[in-house]
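Okay, coords35.txt is below, compact mmCIF, C-alpha atoms:
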# COMPACT_ATOMS: atom_id res chain seq x y z
CA MET A 22 -18.19 -5.60 -3.88
CA GLN A 23 -19.82 -8.93 -4.65
CA TYR A 24 -19.56 -11.34 -7.57
CA GLU A 25 -22.17 -13.88 -8.64
CA ASN A 26 -21.94 -17.46 -9.93
CA ILE A 27 -18.35 -18.15 -8.87
CA CYS A 28 -16.55 -21.35 -9.81
CA ARG A 29 -13.05 -22.73 -9.45
CA GLY A 30 -10.60 -23.77 -12.14
CA SER A 31 -6.95 -24.43 -12.91
CA PHE A 32 -4.93 -22.03 -15.05
CA ILE A 33 -3.30 -23.50 -18.18
CA SER A 34 -2.13 -20.67 -20.44
CA ARG A 35 -2.73 -17.10 -21.62
CA PRO A 36 -2.72 -16.89 -25.43
CA ASN A 37 -3.13 -13.11 -25.32
CA ARG A 38 -3.79 -10.40 -22.76
CA PHE A 39 -7.58 -10.77 -23.01
CA ILE A 40 -7.91 -14.56 -23.02
CA ALA A 41 -6.80 -17.42 -20.78
CA VAL A 42 -7.24 -21.16 -21.10
CA VAL A 43 -8.54 -22.68 -17.88
CA GLU A 44 -9.64 -26.17 -16.90
CA ILE A 45 -13.06 -26.15 -15.23
CA ASP A 46 -14.55 -29.46 -14.07
CA GLY A 47 -12.17 -31.34 -16.33
CA VAL A 48 -12.99 -29.32 -19.44
CA GLN A 49 -10.70 -26.72 -21.03
CA GLN A 50 -12.40 -23.35 -21.49
CA ARG A 51 -11.30 -20.07 -23.06
CA VAL A 52 -12.14 -17.34 -20.55
CA HIS A 53 -11.92 -13.56 -20.45
CA VAL A 54 -9.08 -12.08 -18.36
CA LYS A 55 -10.32 -8.95 -16.56
CA ASN A 56 -6.83 -7.47 -16.37
CA THR A 57 -4.62 -6.48 -19.31
CA GLY A 58 -1.51 -6.20 -17.12
CA ARG A 59 1.27 -8.75 -17.30
CA CYS A 60 0.33 -10.64 -14.10
CA ALA A 61 3.12 -13.12 -14.91
CA GLU A 62 3.69 -13.91 -11.23
CA LEU A 63 -0.01 -14.78 -10.83
CA LEU A 64 -0.96 -16.62 -14.01
CA VAL A 65 1.31 -19.61 -13.56
CA PRO A 66 0.25 -22.99 -15.03
CA GLY A 67 -1.43 -25.08 -12.36
CA ASN A 68 -2.46 -22.17 -10.15
CA THR A 69 -6.03 -22.27 -8.87
CA VAL A 70 -8.17 -19.50 -10.32
CA TYR A 71 -11.68 -18.27 -9.63
CA LEU A 72 -14.12 -17.27 -12.30
CA GLU A 73 -17.47 -15.54 -12.58
CA ARG A 74 -19.92 -17.04 -15.07
CA SER A 75 -21.46 -14.42 -17.33
CA ALA A 76 -25.23 -13.97 -17.36
CA ASN A 77 -25.01 -13.18 -21.10
CA PRO A 78 -25.56 -16.39 -23.11
CA ASN A 79 -24.35 -14.72 -26.33
CA ARG A 80 -20.84 -13.96 -25.12
CA LYS A 81 -17.93 -15.67 -26.85
CA THR A 82 -16.44 -16.47 -23.44
CA ALA A 83 -18.74 -17.76 -20.72
CA TYR A 84 -16.44 -16.86 -17.81
CA ASP A 85 -14.41 -13.94 -16.44
CA LEU A 86 -11.21 -14.74 -14.55
CA ILE A 87 -11.31 -12.61 -11.39
CA ALA A 88 -8.95 -14.10 -8.78
CA VAL A 89 -6.00 -16.43 -8.40
CA GLU A 90 -4.30 -18.32 -5.59
CA LYS A 91 -0.68 -17.18 -5.75
CA ARG A 92 1.68 -19.84 -4.49
CA ALA A 93 4.59 -18.84 -2.25
CA PRO A 94 6.95 -20.61 0.18
CA GLU A 95 4.95 -19.28 3.14
CA GLY A 96 1.65 -20.49 1.65
CA SER A 97 -0.87 -19.43 -0.96
CA ARG A 98 -2.31 -15.92 -1.12
CA LEU A 99 -5.67 -15.13 -2.77
CA VAL A 100 -5.30 -12.17 -5.14
CA ASN A 101 -8.18 -10.43 -6.88
CA MET A 102 -7.01 -9.48 -10.39
CA ASP A 103 -10.15 -7.87 -11.77
CA SER A 104 -9.00 -4.43 -12.97
CA MET A 105 -12.51 -3.02 -12.39
CA ALA A 106 -12.64 -4.13 -8.75
CA PRO A 107 -10.43 -1.40 -7.22
CA ASN A 108 -12.67 1.43 -8.42
CA ARG A 109 -15.83 -0.35 -7.30
CA ALA A 110 -14.34 -1.18 -3.89
CA ALA A 111 -12.97 2.37 -3.56
CA GLY A 112 -16.38 3.81 -4.40
CA GLU A 113 -17.95 1.77 -1.60
CA TRP A 114 -15.19 2.79 0.81
CA LEU A 115 -15.48 6.49 -0.04
CA SER A 116 -19.29 6.40 0.20
CA ALA A 117 -18.93 4.85 3.66
CA GLY A 118 -16.75 7.78 4.79
CA GLY A 119 -13.25 6.42 4.16
CA LEU A 120 -11.92 9.95 3.61
CA GLY A 121 -14.64 11.63 5.64
CA ALA A 122 -17.96 12.86 4.33
CA ILE A 123 -17.66 13.95 0.70
CA GLU A 124 -20.55 15.81 -0.87
CA ASN A 125 -21.62 15.21 -4.47
CA LEU A 126 -19.25 12.28 -4.82
CA ARG A 127 -19.18 11.25 -8.45
CA ALA A 128 -17.17 8.85 -10.58
CA GLU A 129 -15.33 9.55 -13.83
CA ALA A 130 -14.95 13.30 -13.32
CA THR A 131 -13.40 15.29 -16.16
CA ILE A 132 -11.24 18.17 -14.95
CA GLY A 133 -9.17 20.03 -17.52
CA ASP A 134 -7.75 17.52 -19.98
CA SER A 135 -7.89 14.57 -17.56
CA ARG A 136 -10.59 12.27 -16.28
CA PHE A 137 -10.19 11.28 -12.64
CA ASP A 138 -11.82 8.35 -10.89
CA PHE A 139 -13.72 10.35 -8.26
CA ALA A 140 -14.45 13.96 -7.37
CA GLY A 141 -16.64 15.84 -4.93
CA GLU A 142 -16.60 18.59 -2.34
CA GLN A 143 -15.56 18.62 1.30
CA ASP A 144 -15.56 21.61 3.67
CA GLY A 145 -15.77 24.01 0.75
CA ARG A 146 -12.87 22.42 -1.17
CA ARG A 147 -12.88 20.35 -4.31
CA VAL A 148 -11.80 16.75 -3.67
CA VAL A 149 -10.18 14.76 -6.49
CA ILE A 150 -9.24 11.09 -6.13
CA GLU A 151 -7.41 8.71 -8.42
CA VAL A 152 -7.46 4.93 -7.83
CA LYS A 153 -4.71 2.49 -8.81
CA GLY A 154 -5.23 -1.24 -8.45
CA CYS A 155 -2.15 -3.18 -7.35
CA THR A 156 -1.70 -6.94 -7.87
CA LEU A 157 2.10 -7.18 -7.83
CA GLU A 158 3.59 -8.48 -4.58
CA GLU A 159 7.15 -9.62 -3.88
CA ASN A 160 8.24 -10.82 -0.45
CA GLY A 161 5.45 -8.91 1.29
CA ILE A 162 6.09 -5.70 -0.69
CA ALA A 163 3.29 -4.42 -2.94
CA ARG A 164 4.50 -2.54 -6.00
CA PHE A 165 2.86 -0.48 -8.75
CA PRO A 166 2.90 -0.47 -11.71
CA ASP A 167 3.67 -3.94 -13.07
CA ALA A 168 4.09 -2.36 -16.54
CA PRO A 169 4.83 1.23 -17.59
CA THR A 170 1.76 3.49 -17.48
CA LEU A 171 1.91 6.86 -19.20
CA ARG A 172 -1.72 7.45 -18.20
CA GLY A 173 -0.85 6.90 -14.54
CA VAL A 174 1.95 9.48 -14.67
CA LYS A 175 -0.36 11.98 -16.39
CA HIS A 176 -2.95 11.54 -13.64
CA LEU A 177 -0.34 12.11 -10.94
CA ARG A 178 0.83 15.31 -12.59
CA GLY A 179 -2.78 16.47 -12.91
CA LEU A 180 -3.37 15.84 -9.20
CA THR A 181 -0.15 17.66 -8.37
CA ALA A 182 -1.34 20.75 -10.24
CA LEU A 183 -4.77 20.61 -8.59
CA ALA A 184 -3.24 20.24 -5.12
CA ARG A 185 -1.15 23.33 -5.74
CA GLN A 186 -4.38 25.15 -6.57
CA GLY A 187 -5.83 24.25 -3.16
CA CYS A 188 -7.81 21.09 -3.91
CA ARG A 189 -7.73 18.08 -1.62
CA CYS A 190 -6.21 15.37 -3.81
CA ALA A 191 -5.50 11.74 -3.07
CA VAL A 192 -4.13 8.66 -4.78
CA LEU A 193 -5.66 5.43 -3.47
CA ILE A 194 -3.43 2.42 -4.10
CA VAL A 195 -5.87 -0.46 -3.71
CA ILE A 196 -3.80 -3.59 -3.06
CA GLN A 197 -5.99 -6.48 -4.18
CA MET A 198 -4.92 -8.91 -1.45
CA LYS A 199 -4.10 -9.22 2.25
CA GLY A 200 -0.75 -9.90 3.87
CA VAL A 201 1.52 -7.21 2.45
CA ARG A 202 3.60 -5.12 4.84
CA VAL A 203 4.47 -2.05 2.75
CA PHE A 204 3.76 -0.36 -0.59
CA GLN A 205 6.56 0.94 -2.81
CA PRO A 206 6.63 2.33 -6.35
CA ASN A 207 8.02 -0.13 -8.87
CA TRP A 208 11.29 1.69 -9.42
CA VAL A 209 12.64 -1.00 -11.73
CA THR A 210 9.67 -1.05 -14.10
CA GLN A 211 8.94 2.70 -14.22
CA PRO A 212 11.09 5.12 -12.21
CA GLU A 213 9.09 8.01 -13.70
CA PHE A 214 5.98 6.87 -11.82
CA GLY A 215 7.89 6.84 -8.53
CA GLU A 216 9.26 10.32 -9.16
CA ALA A 217 5.75 11.56 -10.02
CA LEU A 218 4.46 10.09 -6.74
CA ILE A 219 7.14 11.94 -4.78
CA GLU A 220 6.37 15.19 -6.57
CA ALA A 221 2.67 14.70 -5.88
CA ARG A 222 3.28 13.99 -2.19
CA ASP A 223 5.46 17.06 -1.88
CA ALA A 224 2.67 19.16 -3.43
CA GLY A 225 0.21 17.91 -0.81
CA VAL A 226 -1.39 14.96 -2.60
CA GLU A 227 -2.25 12.20 -0.11
CA ILE A 228 -0.67 8.88 -1.10
CA ILE A 229 -2.79 6.21 0.56
CA ALA A 230 -2.28 2.45 0.26
CA LEU A 231 -5.07 0.11 1.33
CA ASP A 232 -5.22 -3.68 1.33
CA CYS A 233 -8.34 -5.76 0.68
CA ARG A 234 -10.14 -8.69 2.20
CA VAL A 235 -10.47 -11.10 -0.70
CA VAL A 236 -12.56 -14.25 -0.92
CA PRO A 237 -13.53 -15.85 -4.22
CA GLY A 238 -16.83 -13.96 -4.44
CA THR A 239 -16.04 -10.73 -2.60
CA VAL A 240 -13.41 -8.00 -2.43
CA GLU A 241 -13.55 -5.07 -0.03
CA ILE A 242 -11.07 -2.51 1.25
CA ASP A 243 -9.79 -3.38 4.70
CA ALA A 244 -6.76 -1.64 6.22
CA TYR A 245 -4.08 0.99 5.63
CA VAL A 246 -0.67 -0.18 4.45
CA PRO A 247 2.51 1.87 5.06
CA VAL A 248 3.82 3.75 2.01
CA ASP A 249 7.57 3.91 1.32
CA LEU A 250 8.56 6.37 -1.41
CA SER A 251 12.31 6.13 -0.75
CA ARG A 252 14.34 6.10 -3.93
CA PRO A 253 16.44 2.94 -4.36
As structure tokens:
Amino acid sequence: MQYENICRGSFISRPNRFIAVVEIDGVQQRVHVKNTGRCAELLVPGNTVYLERSANPNRKTAYDLIAVEKRAPEGSRLVNMDSMAPNRAAGEWLSAGGLGAIENLRAEATIGDSRFDFAGEQDGRRVVIEVKGCTLEENGIARFPDAPTLRGVKHLRGLTALARQGCRCAVLIVIQMKGVRVFQPNWVTQPEFGEALIEARDAGVEIIALDCRVVPGTVEIDAYVPVDLSRP
């Protein structure tokens, strides 16, 4: 997926989960944060951030914060933190045959009392796919979630039930960066999510982690990342 009108800034502060203060060309600006997660390891004062200028002149904030250069001892890592990007990138990947040819692929599919990110048909079977964007990385390990998600657990249990009914079900963990070596559930933050992942896997749900090529104006799914569901 592609962004337009990208510029560079320096992160100053985050007054609330929707707003950040960023210095752009020497001027402090209040910008929209396109991720309501904590992102505390990313939004560190002084970190370089990338922003997309809105085409809407009537918006209260002229920019969306979409990516950040995360500093680490081994060097900086560019992380896309737009919470809408994983679904858009996954849609492109699926349409290009990432999980094979899927007929009638559609987004935001309501099945029972849940709405899943994608659904379609393949070889006479219903296909149901849920996407989770991952921005948390520690020492080369990508982890999800960075904050408890009751909705995420509900989706996993819904996929588990559908898999037991014979549907092809998958969870796509879209890691919004390159350079990670493994994906693990965040057992410290929400053990329940990890247990739900294990239950889903055991029911036949495919747990797939994928990293992304990220540049300031583009993010696209790149390669598979090993998944480790071992309990701590």
Quiz prompt | Thr69 in chain A surroundings by all atoms listed in the file, 7 Å radius, close-in-sequence under 5 positions cut, as a PyMOL selection string | solution = chain A and resi 30-32+89-90
Write to file, as a PDB file, keeping the file's coordinate frame, the residues of the selection just made, with C-alpha atoms.
ATOM      1  CA  GLY A  30     -10.600 -23.770 -12.140  1.00  0.00           C
ATOM      2  CA  SER A  31      -6.950 -24.430 -12.910  1.00  0.00           C
ATOM      3  CA  PHE A  32      -4.930 -22.030 -15.050  1.00  0.00           C
ATOM      4  CA  VAL A  89      -6.000 -16.430  -8.400  1.00  0.00           C
ATOM      5  CA  GLU A  90      -4.300 -18.320  -5.590  1.00  0.00           C
TER       6      GLU A  90
END
Output as CSV one row per residue of range 138-179 of chain A within 7 Å of range 191-211 of chain A: the closest atom pair and its distance in Å to one decimal place, counting only C-alpha atoms, sorted by chain and residue number ascending.
residue,atom,partner,partner_atom,distance
A:Val149,CA,A:Ala191,CA,6.5
A:Ile150,CA,A:Ala191,CA,4.9
A:Glu151,CA,A:Val192,CA,4.9
A:Val152,CA,A:Leu193,CA,4.7
A:Lys153,CA,A:Ile194,CA,4.9
A:Gly154,CA,A:Val195,CA,4.8
A:Cys155,CA,A:Ile196,CA,4.6
A:Thr156,CA,A:Gln197,CA,5.7
A:Gly161,CA,A:Val201,CA,4.4
A:Ile162,CA,A:Val203,CA,5.3
A:Ala163,CA,A:Phe204,CA,4.7
A:Arg164,CA,A:Asn207,CA,5.1
A:Phe165,CA,A:Asn207,CA,5.2
A:Pro166,CA,A:Asn207,CA,5.9
A:Asp167,CA,A:Thr210,CA,6.7
A:Ala168,CA,A:Thr210,CA,6.2
A:Pro169,CA,A:Gln211,CA,5.5
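Note that the spacing between CA of Pro253 in chain A and CA of Pro212 in chain A amounts to 9.7 Å.
Within the 12 Å cut-off around Leu115 in chain A, using all atoms listed in the file and omitting residues fewer than 6 positions from it on the same chain, the listed residues are Pro107, Asn108, Arg109, Gly121, Ala122, Ile123, Glu124, Asn125, Leu126, Arg127, Ala128, Asp138, Phe139, Ala140, Gly141, Val148, Val149, Ile150, Glu151, Val152, Ala191, Leu193, Glu241 and Ile242 of chain A.
Closest to Ser135 in chain A among A:Leu231, A:Ala61, A:Ala106, A:Val174 is A:Val174, based on only C-alpha atoms.
CA of Ala244 in chain A to CA of Ala88 in chain A spans 19.6 Å [interatomic distance, one decimal].
Distances here use all atoms listed in the file; by that measure, the residue among A:Gly67, A:Gly133, A:Asp85, A:Leu157 closest to Phe39 in chain A is A:Asp85.
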Counting all atoms listed in the file, closest pick from A:Arg252, A:Arg98, A:Arg38, A:Arg185 relative to Leu86 in chain A is A:Arg38
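Picture a line from CA of Asp223 in chain A to CA of Ala110 in chain A; it runs 27.0 Å.
Proximity of A:Val226, A:Ile33, A:Ile87, A:Trp114 to Val48 in chain A, computed with all atoms listed in the file, is greatest for A:Ile33.
Residue neighbourhood of Leu72 in chain A, excluding near-sequence residues (fewer than 6 positions): Tyr24, Glu25, Asn26, Ile27, Cys28, Arg29, Gly30, Val43, Ile45, Val52, His53, Val54, Ala83, Tyr84, Asp85, Leu86, Ile87, Ala88, Val89, Pro237 and Gly238 of chain A, at 10 Å, using all atoms listed in the file.
For the set A:Met105, A:Val70, A:Cys188, A:Val65, the residue with the smallest atom-to-atom gap to Val236 in chain A is A:Val70, counting only C-alpha atoms.
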